[in-house]
Amino acid sequence: MKSIVIHTSKEAALPLPFLPHRALHPAAPVQPPALAKDKRPTILHFTYSIGGGGAEAMLVNLVESLDPTQFRTVVVAVNASPWPHAAKRIRDAGASLHDLEGEAYLSRSTLARLRMVLHAERPDVMQTWMHHADLVGGWVARIAGVKKVLWSIHCREIHRNPGESAAKSAFFRRALGLSSKFIPSRILSCSAAAIEDHVKMGYPRKKMLWIPNGIDASRFRPSEQARAATRAELGIPEGAPLIGYVGRFHEMKDLPTFFRAAALLQQKLPDAHFVLCGGLEVELSETEREAFATIPNRSQVRFVPFRADPWNLYPAFDIFSLSSRTEACPMTVMEAMACGVPCITTEAGDCSRLLDEVGHTVPLHDAEGLAKAWQVTTTLDASTLHELAEASRQRVIERFTIAGATQRYAETYAQLLNIKK
């Protein structure tokens, strides 16, 4: 395990005072000066990973934005090693990061290491991120004596893991509903739609609080320089229409609809290009590969892994699009809006709420509607596109910044701990 040892830079060894060269009385041994006790409340975040999705991005954003003079932050990940750039951001923010080097929540070694960290860090609040971390982390925290537990909802539905039986999935869902009544002190949801979904699962509405995700709008911003550099890097002609996607390759993203829409658009605009950031072509499922095969000019589709600098990717797009069948509060939409990129998505989760008057949504699984919206957007004149870009960015600045979201999280921590400002 990489970092079970707790580093306390705030308690670095102090130099001993000058002592004259004389014999010391044995009854009065010299004691080093007492170290100042860190009085900041400790907020510990428990998650499976620190990269690869919107919830993980929000966690890293939050860690960077929390006031270090108000809270001491600790992040515990089951497996952090695939995301060194996110680990660096967490550590650069002054937070402690523990990588449990596990592969599953319920493995004996993962649970043992998590208990060790909890006993060493003694958090005042433990916040768990997403369903599996909520259930497993919440129970381990309560057993370890952590009195304040926060659950975090970042998905509208409970997904079945690969190879998981329907019976096991149903048991997990029921266990979450029952545990939600007494394990968490509060349940935070990034999505208004997800709150209604989880109330139907048995979650107590009175414990639930809506805090939309937030991004750093100073990092995600329009950039002609980034646009030109990224297009050159990806081999995209400057004048070619480019539709982009950023996200996991997961069935809930409904990539077959995206590919079918791409095929329809290329029939009308043969020079249309596409970039999918978040996976490689070899990772596509059989259903996704069949839909991908319908695209006439597949050489004009680029697959790229997640980037450490997504703020340099978005400006290269003419349109950002999601074809998801379900979403909560997608960070990628906010990021694209902040970069001034027109957004077209399906009517999933909070997408319509995010894009109100500055974007366009189509019904779920509607490839024809998606392709038509893409085509119409590519015909907008420069003046209209400029106005849309400014309105999109302004909406993010007014409603979806990480500063605003962090303030809501900090207020929640303070309320739980009875901290008065």
# chains A, B, ... in the order shown; residues from 1 in each chain; ligands from 1
$ residues_around --residues "A:Glu238" --least-positions-apart "2" --cutoff "12 Å" --atoms "only C-alpha atoms" --output "JSON, numbers by chain"
{"A": [224, 227, 228, 229, 230, 231, 232, 233, 234, 235, 236, 240, 241, 242, 271, 272, 273, 316, 317, 318]}
$ select_by_dssp --residues "stretch 98-285 of chain A" --states "alpha helix (DSSP H)" --output "number ranges by chain"
A: 108-121, 131-143, 166-179, 192-200, 224-234, 255-268
$ residues_around --residues "stretch 128-145 of chain A" --least-positions-apart "6" --cutoff "6 Å" --atoms "only C-alpha atoms" --output "PyMOL selection string"
chain A and resi 45-47+151-154
$ write_last_selection --atoms "C-alpha atoms" --output "PDB file, in the first residue's frame"
ATOM      1  CA  HIS A  45     -13.393  11.379   1.008  1.00  0.00           C
ATOM      2  CA  PHE A  46     -13.740   7.716   0.043  1.00  0.00           C
ATOM      3  CA  THR A  47     -14.002   6.713  -3.619  1.00  0.00           C
ATOM      4  CA  TRP A 151     -23.312   9.946   0.918  1.00  0.00           C
ATOM      5  CA  SER A 152     -22.854  11.420  -2.568  1.00  0.00           C
ATOM      6  CA  ILE A 153     -25.161  10.601  -5.484  1.00  0.00           C
ATOM      7  CA  HIS A 154     -23.674  11.113  -8.958  1.00  0.00           C
TER       8      HIS A 154
END
$ select_by_dssp --residues "stretch 132-339 of chain A" --states "strand (DSSP E or B)" --output "number ranges by chain"
A: 149-153, 186-189, 208-210, 215, 242-246, 273-277, 301-304, 319-322
$ residues_around --residues "A:Gln375" --least-positions-apart "5" --cutoff "12 Å" --atoms "only C-alpha atoms" --output "ChimeraX atom specification"
/A:241-243,261-262,264-272,318-319,344,368-370,380
$ write_last_selection --atoms "N, CA and C atoms" --output "PDB file, in the first residue's frame"
ATOM      1  N   PRO A 241     -16.200  20.453 -39.981  1.00  0.00           N
ATOM      2  CA  PRO A 241     -17.072  20.399 -38.794  1.00  0.00           C
ATOM      3  C   PRO A 241     -16.609  19.272 -37.868  1.00  0.00           C
ATOM      4  N   LEU A 242     -16.455  19.578 -36.580  1.00  0.00           N
ATOM      5  CA  LEU A 242     -15.965  18.584 -35.611  1.00  0.00           C
ATOM      6  C   LEU A 242     -16.935  18.473 -34.449  1.00  0.00           C
ATOM      7  N   ILE A 243     -17.507  17.265 -34.284  1.00  0.00           N
ATOM      8  CA  ILE A 243     -18.410  16.978 -33.157  1.00  0.00           C
ATOM      9  C   ILE A 243     -17.636  16.150 -32.154  1.00  0.00           C
ATOM     10  N   ALA A 261     -26.138   8.583 -35.518  1.00  0.00           N
ATOM     11  CA  ALA A 261     -26.286   9.994 -35.871  1.00  0.00           C
ATOM     12  C   ALA A 261     -25.095  10.464 -36.700  1.00  0.00           C
ATOM     13  N   ALA A 262     -23.895   9.997 -36.362  1.00  0.00           N
ATOM     14  CA  ALA A 262     -22.702  10.367 -37.139  1.00  0.00           C
ATOM     15  C   ALA A 262     -22.815   9.881 -38.571  1.00  0.00           C
ATOM     16  N   LEU A 264     -25.603   9.415 -40.255  1.00  0.00           N
ATOM     17  CA  LEU A 264     -26.587  10.258 -40.933  1.00  0.00           C
ATOM     18  C   LEU A 264     -26.001  11.618 -41.294  1.00  0.00           C
ATOM     19  N   LEU A 265     -25.196  12.186 -40.383  1.00  0.00           N
ATOM     20  CA  LEU A 265     -24.614  13.499 -40.663  1.00  0.00           C
ATOM     21  C   LEU A 265     -23.620  13.427 -41.820  1.00  0.00           C
ATOM     22  N   GLN A 266     -22.806  12.375 -41.848  1.00  0.00           N
ATOM     23  CA  GLN A 266     -21.824  12.273 -42.929  1.00  0.00           C
ATOM     24  C   GLN A 266     -22.478  12.072 -44.298  1.00  0.00           C
ATOM     25  N   GLN A 267     -23.668  11.557 -44.308  1.00  0.00           N
ATOM     26  CA  GLN A 267     -24.382  11.449 -45.585  1.00  0.00           C
ATOM     27  C   GLN A 267     -24.728  12.834 -46.131  1.00  0.00           C
ATOM     28  N   LYS A 268     -24.930  13.805 -45.209  1.00  0.00           N
ATOM     29  CA  LYS A 268     -25.235  15.181 -45.612  1.00  0.00           C
ATOM     30  C   LYS A 268     -23.965  16.040 -45.664  1.00  0.00           C
ATOM     31  N   LEU A 269     -23.049  15.786 -44.725  1.00  0.00           N
ATOM     32  CA  LEU A 269     -21.798  16.550 -44.641  1.00  0.00           C
ATOM     33  C   LEU A 269     -20.631  15.562 -44.642  1.00  0.00           C
ATOM     34  N   PRO A 270     -20.159  15.154 -45.795  1.00  0.00           N
ATOM     35  CA  PRO A 270     -19.099  14.135 -45.872  1.00  0.00           C
ATOM     36  C   PRO A 270     -17.801  14.531 -45.177  1.00  0.00           C
ATOM     37  N   ASP A 271     -17.581  15.852 -44.985  1.00  0.00           N
ATOM     38  CA  ASP A 271     -16.332  16.278 -44.345  1.00  0.00           C
ATOM     39  C   ASP A 271     -16.441  16.368 -42.824  1.00  0.00           C
ATOM     40  N   ALA A 272     -17.560  15.905 -42.252  1.00  0.00           N
ATOM     41  CA  ALA A 272     -17.738  15.946 -40.798  1.00  0.00           C
ATOM     42  C   ALA A 272     -16.783  14.978 -40.110  1.00  0.00           C
ATOM     43  N   ASP A 318     -16.524  22.004 -32.707  1.00  0.00           N
ATOM     44  CA  ASP A 318     -17.567  22.914 -33.158  1.00  0.00           C
ATOM     45  C   ASP A 318     -18.868  22.649 -32.404  1.00  0.00           C
ATOM     46  N   ILE A 319     -19.054  21.398 -31.975  1.00  0.00           N
ATOM     47  CA  ILE A 319     -20.232  20.988 -31.206  1.00  0.00           C
ATOM     48  C   ILE A 319     -19.775  19.953 -30.182  1.00  0.00           C
ATOM     49  N   ILE A 344     -25.252  19.876 -27.659  1.00  0.00           N
ATOM     50  CA  ILE A 344     -26.472  19.183 -28.068  1.00  0.00           C
ATOM     51  C   ILE A 344     -26.469  17.821 -27.385  1.00  0.00           C
ATOM     52  N   GLU A 368     -31.785  10.398 -35.455  1.00  0.00           N
ATOM     53  CA  GLU A 368     -32.157  11.352 -36.497  1.00  0.00           C
ATOM     54  C   GLU A 368     -32.243  12.773 -35.933  1.00  0.00           C
ATOM     55  N   GLY A 369     -32.838  12.905 -34.759  1.00  0.00           N
ATOM     56  CA  GLY A 369     -32.935  14.220 -34.126  1.00  0.00           C
ATOM     57  C   GLY A 369     -31.567  14.789 -33.788  1.00  0.00           C
ATOM     58  N   LEU A 370     -30.666  13.916 -33.325  1.00  0.00           N
ATOM     59  CA  LEU A 370     -29.313  14.342 -32.985  1.00  0.00           C
ATOM     60  C   LEU A 370     -28.573  14.827 -34.232  1.00  0.00           C
ATOM     61  N   LEU A 380     -24.986  27.739 -38.528  1.00  0.00           N
ATOM     62  CA  LEU A 380     -25.162  29.036 -37.871  1.00  0.00           C
ATOM     63  C   LEU A 380     -24.055  29.990 -38.285  1.00  0.00           C
TER      64      LEU A 380
END
$ atom_distance --atom1 "atom CA of A:Leu100" --atom2 "atom CA of A:Ala80"
7.9 Å
$ closest_residue --among "A:Asn213, A:His98, A:Phe292, A:Pro315" --to "A:Met116" --atoms "only C-alpha atoms"
A:His98
$ residues_around --residues "A:Lys207" --least-positions-apart "6" --cutoff "9 Å" --atoms "only C-alpha atoms" --output "PyMOL selection string"
chain A and resi 180-181+184-188
